[in-house]
file structure-v8.tsv (TSV, C-alpha atoms)
chain	number	residue	atom	x	y	z
A	15	MET	CA	123.19	84.01	57.62
A	16	MET	CA	125.07	85.26	60.67
A	17	VAL	CA	123.91	88.81	59.90
A	18	ILE	CA	120.29	87.66	60.15
A	19	VAL	CA	121.05	85.92	63.47
A	20	TYR	CA	122.68	89.06	64.88
A	21	ILE	CA	119.80	91.25	63.72
A	22	THR	CA	117.29	88.84	65.29
A	23	MET	CA	119.20	88.77	68.58
A	24	ALA	CA	119.49	92.58	68.63
A	25	PHE	CA	115.77	92.93	67.92
A	26	GLY	CA	114.93	90.44	70.66
A	27	ALA	CA	117.13	92.26	73.18
A	28	CYS	CA	115.58	95.64	72.27
A	29	LEU	CA	112.09	94.21	72.57
A	30	PHE	CA	112.87	92.68	75.96
A	31	PHE	CA	114.20	95.93	77.42
A	32	TYR	CA	111.29	97.87	75.91
A	33	MET	CA	108.81	95.52	77.63
A	34	LEU	CA	110.78	95.80	80.86
A	35	TYR	CA	110.70	99.59	80.62
A	36	ASN	CA	106.94	99.55	79.96
A	37	ALA	CA	106.31	97.41	83.04
A	38	PHE	CA	107.63	100.13	85.35
A	39	ARG	CA	106.00	103.18	83.83
A	40	ASN	CA	103.89	105.41	86.07
A	41	ASN	CA	100.72	106.31	84.17
A	42	VAL	CA	97.92	108.16	85.92
A	43	LYS	CA	94.79	108.31	83.79
A	44	ASN	CA	92.50	111.23	84.62
A	45	GLN	CA	88.97	110.14	83.78
A	46	THR	CA	85.60	111.85	84.25
A	47	LEU	CA	82.50	109.67	84.46
A	48	TYR	CA	78.96	111.03	84.26
A	49	PHE	CA	75.92	109.66	86.08
A	50	ARG	CA	72.38	110.99	85.90
A	51	ASN	CA	71.50	109.70	89.36
A	52	LEU	CA	74.61	110.89	91.20
A	53	PRO	CA	73.52	113.08	94.16
A	54	GLU	CA	74.61	116.70	93.73
A	55	GLU	CA	76.43	116.43	97.04
A	56	PHE	CA	78.86	113.99	95.41
A	57	ASP	CA	79.24	115.90	92.15
A	58	GLY	CA	83.02	116.17	91.69
A	59	PHE	CA	83.80	113.32	94.10
A	60	LYS	CA	87.28	112.00	93.25
A	61	VAL	CA	88.33	108.37	93.45
A	62	LEU	CA	91.87	107.08	92.99
A	63	PHE	CA	91.67	103.48	91.80
A	64	ILE	CA	94.75	101.24	91.86
A	65	SER	CA	94.80	97.49	91.37
A	66	ASP	CA	97.27	94.63	90.97
A	67	ILE	CA	100.32	96.14	92.65
A	68	HIS	CA	101.89	92.69	93.14
A	69	ARG	CA	105.68	93.12	93.44
A	70	ARG	CA	105.86	96.77	92.41
A	71	ARG	CA	106.73	99.62	94.70
A	72	VAL	CA	104.38	102.58	94.91
A	73	THR	CA	106.94	105.22	94.06
A	74	HIS	CA	107.21	108.92	94.86
A	75	ARG	CA	107.19	109.46	91.10
A	76	LEU	CA	103.70	107.96	90.92
A	77	ILE	CA	102.46	110.01	93.87
A	78	SER	CA	103.84	113.20	92.29
A	79	LYS	CA	101.74	112.55	89.17
A	80	ILE	CA	98.48	112.60	91.12
A	81	SER	CA	97.31	116.15	90.46
A	82	SER	CA	94.68	116.48	93.19
A	83	SER	CA	93.75	114.82	96.48
A	84	PRO	CA	91.13	112.09	96.05
A	85	ASP	CA	88.20	111.72	98.41
A	86	ALA	CA	88.79	107.96	98.47
A	87	VAL	CA	91.52	105.55	97.39
A	88	LEU	CA	90.15	102.20	96.25
A	89	ILE	CA	92.56	99.25	95.99
A	90	GLY	CA	91.22	96.52	93.73
A	91	GLY	CA	93.08	93.51	95.08
A	92	ASP	CA	96.39	91.76	94.50
A	93	MET	CA	98.16	94.14	96.83
A	94	THR	CA	100.83	91.46	97.19
A	95	GLU	CA	101.67	87.86	96.27
A	96	LYS	CA	103.87	84.98	97.40
A	97	GLY	CA	107.48	86.06	97.89
A	98	VAL	CA	106.84	89.79	98.31
A	99	PRO	CA	108.44	91.11	101.52
A	100	ALA	CA	105.84	92.29	104.03
A	101	SER	CA	107.93	95.44	104.50
A	102	ARG	CA	107.36	96.39	100.84
A	103	THR	CA	103.61	95.94	101.13
A	104	ARG	CA	103.60	98.00	104.32
A	105	GLU	CA	105.55	100.81	102.64
A	106	ASN	CA	103.14	100.79	99.70
A	107	VAL	CA	100.21	101.11	102.08
A	108	LYS	CA	101.89	103.97	103.93
A	109	ARG	CA	102.41	105.93	100.74
A	110	LEU	CA	98.87	105.38	99.53
A	111	SER	CA	97.46	106.34	102.93
A	112	GLU	CA	99.09	109.75	102.57
A	113	ILE	CA	96.82	110.46	99.59
A	114	GLY	CA	93.43	109.74	101.10
A	115	PRO	CA	91.28	107.20	103.00
A	116	LEU	CA	91.88	103.65	101.77
A	117	TYR	CA	89.37	100.91	100.91
A	118	PHE	CA	90.55	97.44	99.87
A	119	VAL	CA	89.26	94.12	98.53
A	120	LEU	CA	91.28	90.92	98.37
A	121	GLY	CA	92.44	89.45	95.06
A	122	ASN	CA	93.44	85.90	94.19
A	123	ASN	CA	97.18	86.53	94.68
A	124	ASP	CA	96.60	88.09	98.08
A	125	TYR	CA	95.57	84.61	99.23
A	126	GLU	CA	99.11	83.39	98.56
A	127	VAL	CA	100.17	85.11	101.79
A	128	ASP	CA	98.74	84.98	105.30
A	129	THR	CA	95.57	87.00	104.76
A	130	LEU	CA	94.98	87.46	108.49
A	131	GLU	CA	98.38	89.13	108.82
A	132	LEU	CA	97.78	91.14	105.66
A	133	THR	CA	94.38	92.46	106.72
A	134	ALA	CA	95.65	93.18	110.25
A	135	MET	CA	98.49	95.25	108.80
A	136	LEU	CA	96.11	97.09	106.48
A	137	GLU	CA	93.69	97.88	109.29
A	138	GLU	CA	96.62	99.06	111.42
A	139	HIS	CA	97.15	101.76	108.79
A	140	GLY	CA	93.49	102.73	108.73
A	141	VAL	CA	92.50	100.74	105.65
A	142	SER	CA	88.88	99.59	105.43
A	143	VAL	CA	89.08	95.95	104.31
A	144	LEU	CA	85.82	95.08	102.56
A	145	GLN	CA	85.16	91.34	102.59
A	146	ASN	CA	81.61	91.10	101.27
A	147	SER	CA	80.81	94.28	103.14
A	148	SER	CA	80.23	97.94	102.45
A	149	VAL	CA	81.16	101.32	103.78
A	150	VAL	CA	78.70	104.20	103.41
A	151	LEU	CA	79.83	107.81	103.09
A	152	THR	CA	77.14	110.31	104.06
A	153	SER	CA	76.98	114.00	103.19
A	154	GLU	CA	75.85	116.72	105.57
A	155	THR	CA	72.46	116.71	103.87
A	156	GLY	CA	72.03	112.96	104.38
A	157	LYS	CA	72.76	111.79	100.84
A	158	SER	CA	74.99	108.70	100.71
A	159	LEU	CA	77.56	106.97	98.53
A	160	ALA	CA	78.45	103.35	99.25
A	161	VAL	CA	81.59	101.43	98.37
A	162	VAL	CA	80.49	97.80	98.07
A	163	GLY	CA	83.42	95.40	98.41
A	164	VAL	CA	83.17	91.81	97.15
A	165	ASP	CA	85.75	89.15	98.05
A	166	GLU	CA	87.72	87.07	95.54
A	167	MET	CA	85.64	85.10	93.03
A	168	LYS	CA	88.30	82.56	92.05
A	169	PHE	CA	87.99	80.82	95.41
A	170	ARG	CA	84.22	81.34	95.60
A	171	LYS	CA	84.55	83.72	98.50
A	172	ASP	CA	82.33	86.32	96.83
A	173	ASN	CA	78.91	87.14	98.24
A	174	LEU	CA	77.42	90.12	96.46
A	175	SER	CA	74.08	89.89	98.26
A	176	LEU	CA	75.78	90.09	101.67
A	177	ALA	CA	77.95	92.99	100.55
A	178	LEU	CA	74.92	94.89	99.26
A	179	LYS	CA	73.09	94.50	102.57
A	180	GLY	CA	75.76	96.63	104.20
A	181	SER	CA	75.10	99.47	101.76
A	182	GLY	CA	71.61	100.05	103.14
A	183	GLU	CA	69.56	102.60	101.20
A	184	ALA	CA	72.58	104.33	99.66
A	185	ASP	CA	71.82	106.79	96.86
A	186	PHE	CA	74.85	105.75	94.79
A	187	ARG	CA	76.89	102.54	94.79
A	188	ILE	CA	80.41	101.78	93.62
A	189	LEU	CA	81.15	98.05	93.43
A	190	LEU	CA	84.78	97.13	94.06
A	191	CYS	CA	85.80	93.59	93.11
A	192	HIS	CA	89.13	92.23	91.92
A	193	ASN	CA	87.61	89.98	89.26
A	194	PRO	CA	85.65	91.73	86.47
A	195	ASP	CA	83.44	88.65	86.08
A	196	ILE	CA	81.44	90.02	89.00
A	197	VAL	CA	79.45	91.98	86.40
A	198	LYS	CA	77.76	88.68	85.46
A	199	LYS	CA	76.22	88.51	88.94
A	200	VAL	CA	74.96	92.08	89.07
A	201	LYS	CA	71.21	92.52	88.62
A	202	ALA	CA	69.41	95.68	87.61
A	203	ASP	CA	67.65	96.00	90.96
A	204	ASP	CA	71.01	95.95	92.79
A	205	SER	CA	71.23	99.66	91.95
A	206	ILE	CA	74.97	99.54	91.29
A	207	HIS	CA	76.24	102.45	89.21
A	208	LEU	CA	79.98	101.87	88.82
A	209	ILE	CA	82.10	98.70	88.92
A	210	LEU	CA	85.87	98.89	89.41
A	211	SER	CA	87.97	95.77	88.75
A	212	GLY	CA	91.44	94.64	87.68
A	213	HIS	CA	92.89	91.12	87.60
A	214	THR	CA	93.41	90.77	83.83
A	215	HIS	CA	96.40	93.15	83.48
A	216	GLY	CA	94.94	93.99	80.09
A	217	GLY	CA	96.56	90.79	78.86
A	218	GLN	CA	99.95	92.19	79.98
A	219	ILE	CA	101.64	91.22	76.71
A	220	ARG	CA	99.60	91.89	73.56
A	221	ILE	CA	100.90	90.98	70.11
A	222	PHE	CA	99.32	92.98	67.27
A	223	GLY	CA	96.45	93.84	69.62
A	224	PHE	CA	95.84	90.27	70.74
A	225	GLY	CA	96.40	88.95	74.27
A	226	PRO	CA	95.10	86.36	76.76
A	227	TYR	CA	92.63	88.97	78.05
A	228	GLU	CA	91.13	92.03	76.42
A	229	ALA	CA	92.75	95.39	77.07
A	230	GLY	CA	91.51	97.34	80.06
A	231	GLY	CA	88.95	100.05	79.49
A	232	ILE	CA	85.48	101.38	80.18
A	233	LYS	CA	82.20	99.77	79.19
A	234	LYS	CA	78.77	101.35	79.48
A	235	ALA	CA	75.43	99.57	79.41
A	236	ASN	CA	71.99	100.43	80.81
A	237	GLY	CA	73.28	103.11	83.16
A	238	LEU	CA	76.04	100.86	84.55
A	239	ILE	CA	79.68	101.80	83.94
A	240	THR	CA	82.39	99.15	84.30
A	241	LEU	CA	86.07	100.08	84.45
A	242	ILE	CA	88.59	97.26	84.12
A	243	SER	CA	92.14	98.39	84.82
A	244	ASN	CA	95.35	97.10	83.25
A	245	GLY	CA	96.70	97.32	86.80
A	246	TYR	CA	99.86	98.83	88.22
A	247	GLY	CA	102.12	95.79	88.58
A	248	THR	CA	102.73	92.54	86.76
A	249	THR	CA	102.57	88.86	87.54
A	250	GLN	CA	105.33	86.32	86.84
A	251	LEU	CA	107.64	88.32	84.54
A	252	PRO	CA	107.90	92.12	84.91
A	253	LEU	CA	107.20	92.68	81.21
A	254	ARG	CA	104.45	94.56	79.39
A	255	LEU	CA	103.64	95.13	75.73
A	256	GLY	CA	100.53	96.83	74.42
A	257	ALA	CA	98.99	97.03	77.90
A	258	HIS	CA	100.67	99.82	79.82
A	259	PRO	CA	100.38	99.88	83.62
A	260	GLU	CA	97.85	102.39	84.87
A	261	VAL	CA	96.35	104.06	87.91
A	262	HIS	CA	93.05	105.92	87.61
A	263	MET	CA	92.01	109.29	89.00
A	264	ILE	CA	88.25	109.20	88.50
A	265	THR	CA	86.02	112.24	88.91
A	266	LEU	CA	82.32	111.51	89.36
A	267	LYS	CA	80.07	114.10	87.74
A	268	LYS	CA	76.33	114.50	87.71
A	269	GLY	CA	74.82	114.58	84.24
A	270	CYS	CA	75.08	112.90	80.87
A	271	ASP	CA	78.30	111.95	79.10
A	272	LYS	CA	79.57	114.83	76.98
call {"tool": "encode", "arguments": {"input": "structure-v8.tsv", "output": "structure tokens"}}
result
Amino acid sequence: MMVIVYITMAFGACLFFYMLYNAFRNNVKNQTLYFRNLPEEFDGFKVLFISDIHRRRVTHRLISKISSSPDAVLIGGDMTEKGVPASRTRENVKRLSEIGPLYFVLGNNDYEVDTLELTAMLEEHGVSVLQNSSVVLTSETGKSLAVVGVDEMKFRKDNLSLALKGSGEADFRILLCHNPDIVKKVKADDSIHLILSGHTHGGQIRIFGFGPYEAGGIKKANGLITLISNGYGTTQLPLRLGAHPEVHMITLKKGCDK
């Protein structure tokens, strides 16, 4: 009987440390997405997407795994949460700002801190904070790509219509929203081509493939591509199983999926 107890305890300890190890892995997923209506001027445009940093530190090890310089760094919310030192968040922003221009939307846990102080600090480091607003990037030939940022849905701060107004007549639109449920509010005539979200952590701990949320991934329907990230950090306990942390290096390509 005692042998079984010792084996169970040893298994539990091994599982705990394995989940702890998984929570701090630095995985950069290189992904190529194809769009028929992407302007040629933005063919090869690179986006680094990171979401749900929470209490984690953006490490030099992560930065070293990013193989090429992105044209834009999109942060999908939950940059911080209650109890995270402001100095850590500032250092994370500094490191990300060394990679490329930053664009950020607020997540539900960001509202656990003083959001005015948070957004002021972000803007101090050149971050474009998109609160139901858009930023439009224009090529030399006049073609445009818009990053449409929608505020947190949990507190009903989202206003997709207002955010879209700021995108004008953009030729291509990327919708950035912390909560993936934003897809339910997107209409065909919104002309959104890519949605980037996080929030779910891929379930964070999945047992035999099952978790409180489905695993992160890519969904395609009617010309719209939705990417839901497992996120970089964790909430509550720094443990992961079956839902590895991830950061995404996305290359936009003109054409059909190969």
call {"tool": "atom_distance", "arguments": {"input": "structure-v8.tsv", "atom1": "atom CA of Glu105 of chain A", "atom2": "atom CA of Ser147 of chain A"}}
result
25.6 Å
call {"tool": "closest_residue", "arguments": {"input": "structure-v8.tsv", "among": "A:Glu112, A:Glu54, A:Asp203, A:Asp92", "to": "Lys267 of chain A", "atoms": "only C-alpha atoms"}}
result
A:Glu54
call {"tool": "closest_residue", "arguments": {"input": "structure-v8.tsv", "among": "A:Ile206, A:Leu241, A:Met16, A:Val162", "to": "Val149 of chain A", "atoms": "all atoms listed in the file"}}
result
A:Val162
call {"tool": "closest_atom_pairs", "arguments": {"input": "structure-v8.tsv", "of": "segment 139-199 of chain A", "to": "segment 211-232 of chain A", "cutoff": "7 Å", "atoms": "only C-alpha atoms", "output": "CSV"}}
result
residue,atom,partner,partner_atom,distance
A:Leu190,CA,A:Ser211,CA,6.3
A:Cys191,CA,A:Ser211,CA,5.3
A:His192,CA,A:Ser211,CA,4.9
A:Asn193,CA,A:His213,CA,5.7
A:Pro194,CA,A:Ser211,CA,5.2
call {"tool": "residues_near_point", "arguments": {"input": "structure-v8.tsv", "point": "(88.8, 82.5, 98.8)", "cutoff": "10 Å", "atoms": "all atoms listed in the file", "output": "list in words"}}
result
Leu120, Gly121, Asn122, Asp124, Tyr125, Asp165, Glu166, Met167, Lys168, Phe169, Arg170, Lys171 and Asp172 of chain A
call {"tool": "residues_around", "arguments": {"input": "structure-v8.tsv", "residues": "segment 65-72 of chain A", "least_positions_apart": "6", "cutoff": "10 Å", "atoms": "only C-alpha atoms", "output": "ChimeraX atom specification"}}
result
/A:37-38,40,88-99,102-103,105-110,118-119,121,123-124,191-192,210-215,242-250,252,259-262
call {"tool": "residues_around", "arguments": {"input": "structure-v8.tsv", "residues": "Asp85 of chain A", "least_positions_apart": "5", "cutoff": "7 Å", "atoms": "all atoms listed in the file", "output": "PyMOL selection string"}}
result
chain A and resi 59-61+114
call {"tool": "closest_residue", "arguments": {"input": "structure-v8.tsv", "among": "A:Ile196, A:Ile77, A:Met263, A:Cys270", "to": "Leu62 of chain A", "atoms": "all atoms listed in the file"}}
result
A:Met263
call {"tool": "residues_around", "arguments": {"input": "structure-v8.tsv", "residues": "Gly237 of chain A", "least_positions_apart": "6", "cutoff": "12 Å", "atoms": "all atoms listed in the file", "output": "number ranges by chain"}}
result
A: 47-52, 202-203, 205-209, 269-271
call {"tool": "residues_around", "arguments": {"input": "structure-v8.tsv", "residues": "Gly140 of chain A", "least_positions_apart": "6", "cutoff": "10 Å", "atoms": "only C-alpha atoms", "output": "ChimeraX atom specification"}}
result
/A:107-108,111,115-117,134
call {"tool": "closest_residue", "arguments": {"input": "structure-v8.tsv", "among": "A:Ser78, A:Phe56, A:Thr46, A:Leu266", "to": "Asp185 of chain A", "atoms": "all atoms listed in the file"}}
result
A:Phe56
call {"tool": "residues_around", "arguments": {"input": "structure-v8.tsv", "residues": "segment 31-33 of chain A", "least_positions_apart": "3", "cutoff": "6 Å", "atoms": "only C-alpha atoms", "output": "list of chain:residue names"}}
result
A:Cys28, A:Asn36, A:Leu253, A:Arg254, A:Leu255
call {"tool": "atom_distance", "arguments": {"input": "structure-v8.tsv", "atom1": "atom CA of Val200 of chain A", "atom2": "atom CA of Thr240 of chain A"}}
result
11.3 Å
call {"tool": "atom_distance", "arguments": {"input": "structure-v8.tsv", "atom1": "atom CA of Asn146 of chain A", "atom2": "atom CA of Leu174 of chain A"}}
result
6.5 Å
call {"tool": "closest_residue", "arguments": {"input": "structure-v8.tsv", "among": "A:Ser83, A:Asn173, A:Asn41, A:Val143", "to": "Leu130 of chain A", "atoms": "only C-alpha atoms"}}
result
A:Val143
